[in-house]
Amino acid sequence: MQRRQFLATTAACAVVPWPVLAAGPARPRIRPFAPSQVRLRPGPALDAAEVNRRFVLGQDVDRLLHNFRKNAGLASSAAPLGGWEAPDNELRGHYVGHYLSACALISASFGDAQARQRGDKVVAVLADCQRVRGNGYLSAFPEEFFDRLRDNRPVWAPFYTLHKIMVGLLDMHTLAGNAQALEVVKGMARWTARWTQPLGDADMARVLEREYGGMNDVLYQLAAVTGEAEWREVAHRFDHERIFRPLADGRDELKGLHVNTTIPKILGAARRFELTGEPRYRRIAEYFWREVTQRRAYATGGTSNGESWGGDPGVLSSELSGYTQECCVTYNMLKLTRQLFTWTGDPAYADYYERALWNGILGTQHPKDGSKLYYVPLASGYWKLFGTPLADYWCCTGSGSESFAKLGDSIYFSDDTGVYVNLFVASELSWADRGVTLLQDTRFPVEPRTTLTVKTARPVALELRVRIPSWVARGGSARLNGKPIDGFAAPGGYLVLDRTWRDGDRVDVSLPMGLTASAMPDDPSLQAILYGPLVLAARMGTTGLRPEILRAEPTRPRTIPEYKTEGLPTPGLTGAAPWVRPEDGKPLTFRTTAGERRELVPLYQILDERYGVYFKVPV
Ligand SMILES: [Zn+2]
């Protein structure tokens, strides 16, 4: 290995401009790997994925299908479920869509035959239910809900639920190879086309004011998967111009919007750009992402308060509560981030992905039983209010079942010349096309380093690009087969190793983590403290946390009286920074050195205790 074979690059050079396209599809130059190509190895991600696998496989398929069978007039002796899957809940059936996606992901990423069989069974029963009705309609509630939507009468969100089922079916087709699932989802798309067809643009605009998930997104995906252009036309009906117009013009009019209603629409815009090459939709997606991540996100990377954007851009200090950072929101922001990364390879997307993953996904599932969080509270003194297993079926129970089924996703990406290593997660990448297996050994974040080992039957030339995160402190370094590499990429870039790799070649990368503060954009005296990408939380005790208030009420996650009122004062720090120092002998544990004495641990590790993320500091 010679020195000149190395090329260290920074973020700015890594971004390749998008080719100018007059029309036609805009194919991203970077590709994610399929879930079946990445296996997690022992570590916190695999532990969390296993907890979720038990949670998902612990579901009773006949109980999940009960409302679908009843709605189609088929017999069901199963006991109905509760929460948002109860027979009288207007969102019933939505979790079944998430469940299909989770089964497809688990089946592909673990090679889990049981998950595959469960998914196949659900698809088969849904196909029966659809056949009985004969018009393509498939839901756990009657078509009359859609009459109410059309006639502007009260109804919760029927297209939101349909969207989840359609995505679940499409995932069973694309990830688990279920051909029947594609036929069922096409039937649903045909029904949707017929439902929207008589509605004029004004009526449709009114329909779009009701939360509809990513109906545009799934229909564009269906067009891409099948090559059938007709689904594009149906997808266009769900492109929400009232939301898109200001974004296309570079205006933030997000204040007051329901966050998790909005992001899936933008995912649809991104997909439209990929399908048609229309630059307007790229502009919408990229402007939206920049605005939300730079001016509307907390130090965690999360966004939303009480499910909405309550303030003007950059106003967040008044947006702290027990109901911040809805988990579905992070799930959807990660989807968007992953997609935008494939357009440019800009490591800023990977930086955000990592931050939101550690502070907004990991730590939102109870390791004991796999129950999920709805919100990640960012006001001081609150606790993580987990759901009740097999009883709540909130939106976030659904998106959480998927999030923890795809922890192998977005670790690696590829393009024509090489591979990107974006996340530091113990895993094995099988890249059969290039005859390469890449092993990643790491105890990150407990140890700030990772080791990549190449396995190959014959020498292979490719660029190995290791992300050097923006949080890396001074002293980062890399070794190839034990020998120091001269030059190290600047933080926020990639270390690019362009060479012919032989079996057993090994790259060790050291990624020193340091303590940094992240101030509220509108109040510099309110700061969160991070260690590397990890937001630290001050432990604030368990006073008053009786077991019954550690779990949310199954149907209504916001009604525990103590939870409404029992925040505690924001912890204060005095003197000059740094206010915390590492606790000897306890990894990832810190202690305040000024002001109130507190122990700090990463937010993702906090469980069943009160905590605070923002501190009042002297400025
Ligand atoms: Zn949710």
# chains A, B, ... in the order shown; residues from 1 in each chain; ligands from 1
>>> residues_near_ligand(ligand="ligand 1", cutoff="8 Å", atoms="only C-alpha atoms and all ligand atoms", output="list in words")
Asn260, Glu326, Cys327, Cys328, Val329, Tyr374, Tyr375, Trp394, Cys395, Cys396, Thr397, Gly398 and Ser399 of chain A
>>> residues_around(residues="range 119-123 of chain A", least_positions_apart="5", cutoff="6 Å", atoms="only C-alpha atoms", output="list in words")
Leu100, Cys103 and Ala181 of chain A
>>> residues_around(residues="Ser525 in chain A", least_positions_apart="5", cutoff="9 Å", atoms="only C-alpha atoms", output="list in words")
Ala519, Met520, Phe615, Lys616, Val617, Pro618 and Val619 of chain A
>>> write_last_selection(atoms="N, CA, C and O atoms", output="PDB file, in the first residue's frame")
ATOM      1  N   ALA A 519     -26.866  24.841  22.015  1.00  0.00           N
ATOM      2  CA  ALA A 519     -27.770  25.841  22.604  1.00  0.00           C
ATOM      3  C   ALA A 519     -29.061  25.932  21.793  1.00  0.00           C
ATOM      4  O   ALA A 519     -29.068  25.723  20.581  1.00  0.00           O
ATOM      5  N   MET A 520     -30.141  26.277  22.483  1.00  0.00           N
ATOM      6  CA  MET A 520     -31.381  26.595  21.802  1.00  0.00           C
ATOM      7  C   MET A 520     -31.139  27.784  20.881  1.00  0.00           C
ATOM      8  O   MET A 520     -30.510  28.767  21.300  1.00  0.00           O
ATOM      9  N   PHE A 615     -30.193  22.261  30.007  1.00  0.00           N
ATOM     10  CA  PHE A 615     -29.714  22.846  31.259  1.00  0.00           C
ATOM     11  C   PHE A 615     -29.749  24.361  31.142  1.00  0.00           C
ATOM     12  O   PHE A 615     -29.557  24.916  30.060  1.00  0.00           O
ATOM     13  N   LYS A 616     -29.992  25.010  32.281  1.00  0.00           N
ATOM     14  CA  LYS A 616     -29.898  26.471  32.336  1.00  0.00           C
ATOM     15  C   LYS A 616     -28.456  26.804  32.683  1.00  0.00           C
ATOM     16  O   LYS A 616     -27.950  26.376  33.723  1.00  0.00           O
ATOM     17  N   VAL A 617     -27.790  27.523  31.797  1.00  0.00           N
ATOM     18  CA  VAL A 617     -26.366  27.800  32.029  1.00  0.00           C
ATOM     19  C   VAL A 617     -26.109  29.307  31.999  1.00  0.00           C
ATOM     20  O   VAL A 617     -26.860  30.060  31.373  1.00  0.00           O
ATOM     21  N   PRO A 618     -25.069  29.744  32.678  1.00  0.00           N
ATOM     22  CA  PRO A 618     -24.754  31.178  32.640  1.00  0.00           C
ATOM     23  C   PRO A 618     -24.163  31.563  31.282  1.00  0.00           C
ATOM     24  O   PRO A 618     -23.328  30.821  30.749  1.00  0.00           O
ATOM     25  N   VAL A 619     -24.638  32.650  30.716  1.00  0.00           N
ATOM     26  CA  VAL A 619     -24.061  33.104  29.435  1.00  0.00           C
ATOM     27  C   VAL A 619     -23.705  34.587  29.530  1.00  0.00           C
ATOM     28  O   VAL A 619     -24.238  35.304  30.346  1.00  0.00           O
TER      29      VAL A 619
END
>>> residues_around(residues="Arg272 in chain A", least_positions_apart="5", cutoff="8 Å", atoms="only C-alpha atoms", output="PyMOL selection string")
chain A and resi 217+220+277-278+281
>>> write_last_selection(atoms="N, CA, C and O atoms", output="mmCIF file, in the first residue's frame")
data_model
loop_
_atom_site.group_PDB
_atom_site.id
_atom_site.type_symbol
_atom_site.label_atom_id
_atom_site.label_comp_id
_atom_site.auth_asym_id
_atom_site.auth_seq_id
_atom_site.Cartn_x
_atom_site.Cartn_y
_atom_site.Cartn_z
ATOM 1 N N ASP A 217 -46.729 8.928 -1.900
ATOM 2 C CA ASP A 217 -45.475 8.173 -1.848
ATOM 3 C C ASP A 217 -45.683 6.713 -2.264
ATOM 4 O O ASP A 217 -44.969 6.186 -3.122
ATOM 5 N N TYR A 220 -46.515 6.405 -6.003
ATOM 6 C CA TYR A 220 -45.322 6.586 -6.845
ATOM 7 C C TYR A 220 -44.432 5.336 -6.768
ATOM 8 O O TYR A 220 -43.867 4.902 -7.769
ATOM 9 N N GLY A 277 -38.131 13.218 -12.630
ATOM 10 C CA GLY A 277 -37.043 14.165 -12.864
ATOM 11 C C GLY A 277 -37.445 15.622 -12.765
ATOM 12 O O GLY A 277 -36.651 16.508 -13.086
ATOM 13 N N GLU A 278 -38.672 15.911 -12.300
ATOM 14 C CA GLU A 278 -39.111 17.314 -12.190
ATOM 15 C C GLU A 278 -38.345 17.979 -11.037
ATOM 16 O O GLU A 278 -38.549 17.633 -9.874
ATOM 17 N N TYR A 281 -39.735 19.171 -7.406
ATOM 18 C CA TYR A 281 -40.012 18.268 -6.292
ATOM 19 C C TYR A 281 -38.733 17.924 -5.528
ATOM 20 O O TYR A 281 -38.771 17.615 -4.342
#
>>> select_by_dssp(residues="range 283-416 of chain A", states="strand (DSSP E or B)", output="number ranges by chain")
A: 305, 308, 324, 326, 365, 372-373, 375, 382, 386, 412-414
>>> write_last_selection(atoms="all heavy atoms", output="short mmCIF file (atom, residue, chain, number, x, y, z; two decimals), in the first residue's frame")
data_model
loop_
_atom_site.label_atom_id
_atom_site.label_comp_id
_atom_site.auth_asym_id
_atom_site.auth_seq_id
_atom_site.Cartn_x
_atom_site.Cartn_y
_atom_site.Cartn_z
N ASN A 305 -43.72 19.35 18.76
CA ASN A 305 -44.14 19.52 20.15
C ASN A 305 -45.66 19.41 20.17
O ASN A 305 -46.34 20.16 19.47
CB ASN A 305 -43.69 20.89 20.68
CG ASN A 305 -44.11 21.10 22.13
OD1 ASN A 305 -44.30 20.13 22.88
ND2 ASN A 305 -44.24 22.34 22.55
N SER A 308 -47.08 19.08 16.72
CA SER A 308 -47.09 20.15 15.72
C SER A 308 -45.80 20.97 15.76
O SER A 308 -44.99 20.82 16.65
CB SER A 308 -48.27 21.11 15.99
OG SER A 308 -49.47 20.42 15.85
N THR A 324 -42.83 16.15 23.28
CA THR A 324 -41.99 16.54 22.15
C THR A 324 -41.58 15.31 21.33
O THR A 324 -41.69 14.18 21.78
CB THR A 324 -40.71 17.22 22.68
OG1 THR A 324 -40.31 16.57 23.88
CG2 THR A 324 -40.95 18.68 22.98
N GLU A 326 -42.29 13.34 18.58
CA GLU A 326 -43.06 12.10 18.36
C GLU A 326 -42.18 11.10 17.61
O GLU A 326 -41.46 11.46 16.66
CB GLU A 326 -44.32 12.42 17.55
CG GLU A 326 -45.18 11.18 17.37
CD GLU A 326 -46.34 11.37 16.39
OE1 GLU A 326 -46.65 12.52 16.04
OE2 GLU A 326 -46.91 10.34 15.98
N GLN A 365 -37.83 2.09 22.97
CA GLN A 365 -38.46 0.78 23.13
C GLN A 365 -38.04 0.25 24.50
O GLN A 365 -36.86 0.34 24.86
CB GLN A 365 -37.95 -0.15 22.03
CG GLN A 365 -38.24 -1.62 22.24
CD GLN A 365 -37.60 -2.49 21.18
OE1 GLN A 365 -38.26 -2.88 20.24
NE2 GLN A 365 -36.32 -2.79 21.33
N LYS A 372 -43.41 0.40 23.02
CA LYS A 372 -42.82 1.56 22.35
C LYS A 372 -43.22 2.86 23.03
O LYS A 372 -44.24 2.94 23.70
CB LYS A 372 -43.26 1.59 20.88
CG LYS A 372 -43.04 0.27 20.12
CD LYS A 372 -41.57 -0.08 19.94
CE LYS A 372 -41.34 -1.26 19.01
NZ LYS A 372 -41.34 -2.57 19.67
N LEU A 373 -42.41 3.88 22.76
CA LEU A 373 -42.74 5.24 23.21
C LEU A 373 -43.58 5.94 22.15
O LEU A 373 -43.47 5.63 20.97
CB LEU A 373 -41.46 6.07 23.34
CG LEU A 373 -40.73 6.18 24.66
CD1 LEU A 373 -39.70 7.30 24.57
CD2 LEU A 373 -41.68 6.44 25.80
N TYR A 375 -43.92 9.72 22.61
CA TYR A 375 -43.13 10.96 22.58
C TYR A 375 -41.82 10.75 23.33
O TYR A 375 -41.74 9.93 24.23
CB TYR A 375 -43.87 12.09 23.27
CG TYR A 375 -45.29 12.29 22.80
CD1 TYR A 375 -46.37 11.81 23.54
CD2 TYR A 375 -45.55 12.97 21.61
CE1 TYR A 375 -47.67 11.99 23.10
CE2 TYR A 375 -46.85 13.15 21.18
CZ TYR A 375 -47.92 12.66 21.93
OH TYR A 375 -49.21 12.84 21.50
N TYR A 382 -39.59 14.96 33.24
CA TYR A 382 -40.54 13.95 32.74
C TYR A 382 -39.85 12.60 32.63
O TYR A 382 -38.65 12.47 32.89
CB TYR A 382 -41.13 14.38 31.40
CG TYR A 382 -42.13 15.48 31.58
CD1 TYR A 382 -41.74 16.80 31.53
CD2 TYR A 382 -43.46 15.18 31.83
CE1 TYR A 382 -42.67 17.83 31.74
CE2 TYR A 382 -44.39 16.18 32.03
CZ TYR A 382 -43.98 17.50 31.98
OH TYR A 382 -44.89 18.49 32.20
N PHE A 386 -43.97 4.69 28.36
CA PHE A 386 -44.08 3.60 27.38
C PHE A 386 -45.52 3.11 27.28
O PHE A 386 -46.33 3.30 28.19
CB PHE A 386 -43.18 2.44 27.79
CG PHE A 386 -41.73 2.70 27.55
CD1 PHE A 386 -40.91 3.16 28.56
CD2 PHE A 386 -41.19 2.52 26.28
CE1 PHE A 386 -39.57 3.42 28.34
CE2 PHE A 386 -39.85 2.79 26.04
CZ PHE A 386 -39.04 3.24 27.07
N TYR A 412 -24.66 1.08 5.45
CA TYR A 412 -23.84 1.05 4.24
C TYR A 412 -24.66 1.50 3.03
O TYR A 412 -25.88 1.26 2.97
CB TYR A 412 -23.34 -0.38 3.96
CG TYR A 412 -22.65 -1.03 5.13
CD1 TYR A 412 -23.32 -1.95 5.93
CD2 TYR A 412 -21.33 -0.72 5.43
CE1 TYR A 412 -22.69 -2.55 7.01
CE2 TYR A 412 -20.69 -1.33 6.51
CZ TYR A 412 -21.38 -2.23 7.30
OH TYR A 412 -20.75 -2.82 8.37
N PHE A 413 -23.98 2.11 2.08
CA PHE A 413 -24.56 2.42 0.76
C PHE A 413 -23.48 2.10 -0.27
O PHE A 413 -22.29 1.98 0.07
CB PHE A 413 -24.92 3.91 0.66
CG PHE A 413 -26.09 4.34 1.50
CD1 PHE A 413 -25.92 4.68 2.84
CD2 PHE A 413 -27.36 4.41 0.96
CE1 PHE A 413 -27.00 5.09 3.62
CE2 PHE A 413 -28.45 4.82 1.72
CZ PHE A 413 -28.26 5.16 3.07
N SER A 414 -23.90 2.01 -1.54
CA SER A 414 -22.89 1.77 -2.58
C SER A 414 -23.14 2.68 -3.77
O SER A 414 -24.24 3.22 -3.94
CB SER A 414 -22.95 0.31 -3.05
OG SER A 414 -24.11 0.10 -3.83
#
>>> residues_around(residues="Ile165 in chain A", least_positions_apart="6", cutoff="9 Å", atoms="only C-alpha atoms", output="PyMOL selection string")
chain A and resi 93-101+138-139+185
>>> closest_residue(among="A:Phe590, A:Tyr287, A:Phe145, A:Tyr353", to="Pro578 in chain A", atoms="only C-alpha atoms")
A:Phe590
>>> atom_distance(atom1="CA of Val218 in chain A", atom2="CA of Val292 in chain A")
22.7 Å
>>> select_by_dssp(residues="range 114-265 of chain A", states="helix (DSSP H, G or I)", output="count of residues only")
103
>>> closest_residue(among="A:Gly43, A:Val601, A:Ala348, A:Tyr420", to="Pro491 in chain A", atoms="only C-alpha atoms")
A:Ala348
>>> residues_around(residues="range 224-230 of chain A", least_positions_apart="3", cutoff="9 Å", atoms="only C-alpha atoms", output="number ranges by chain")
A: 170, 174, 182, 219-221, 233-235, 275
>>> closest_residue(among="A:Val184, A:Ala478, A:Leu534, A:Pro25", to="Cys129 in chain A", atoms="only C-alpha atoms")
A:Val184
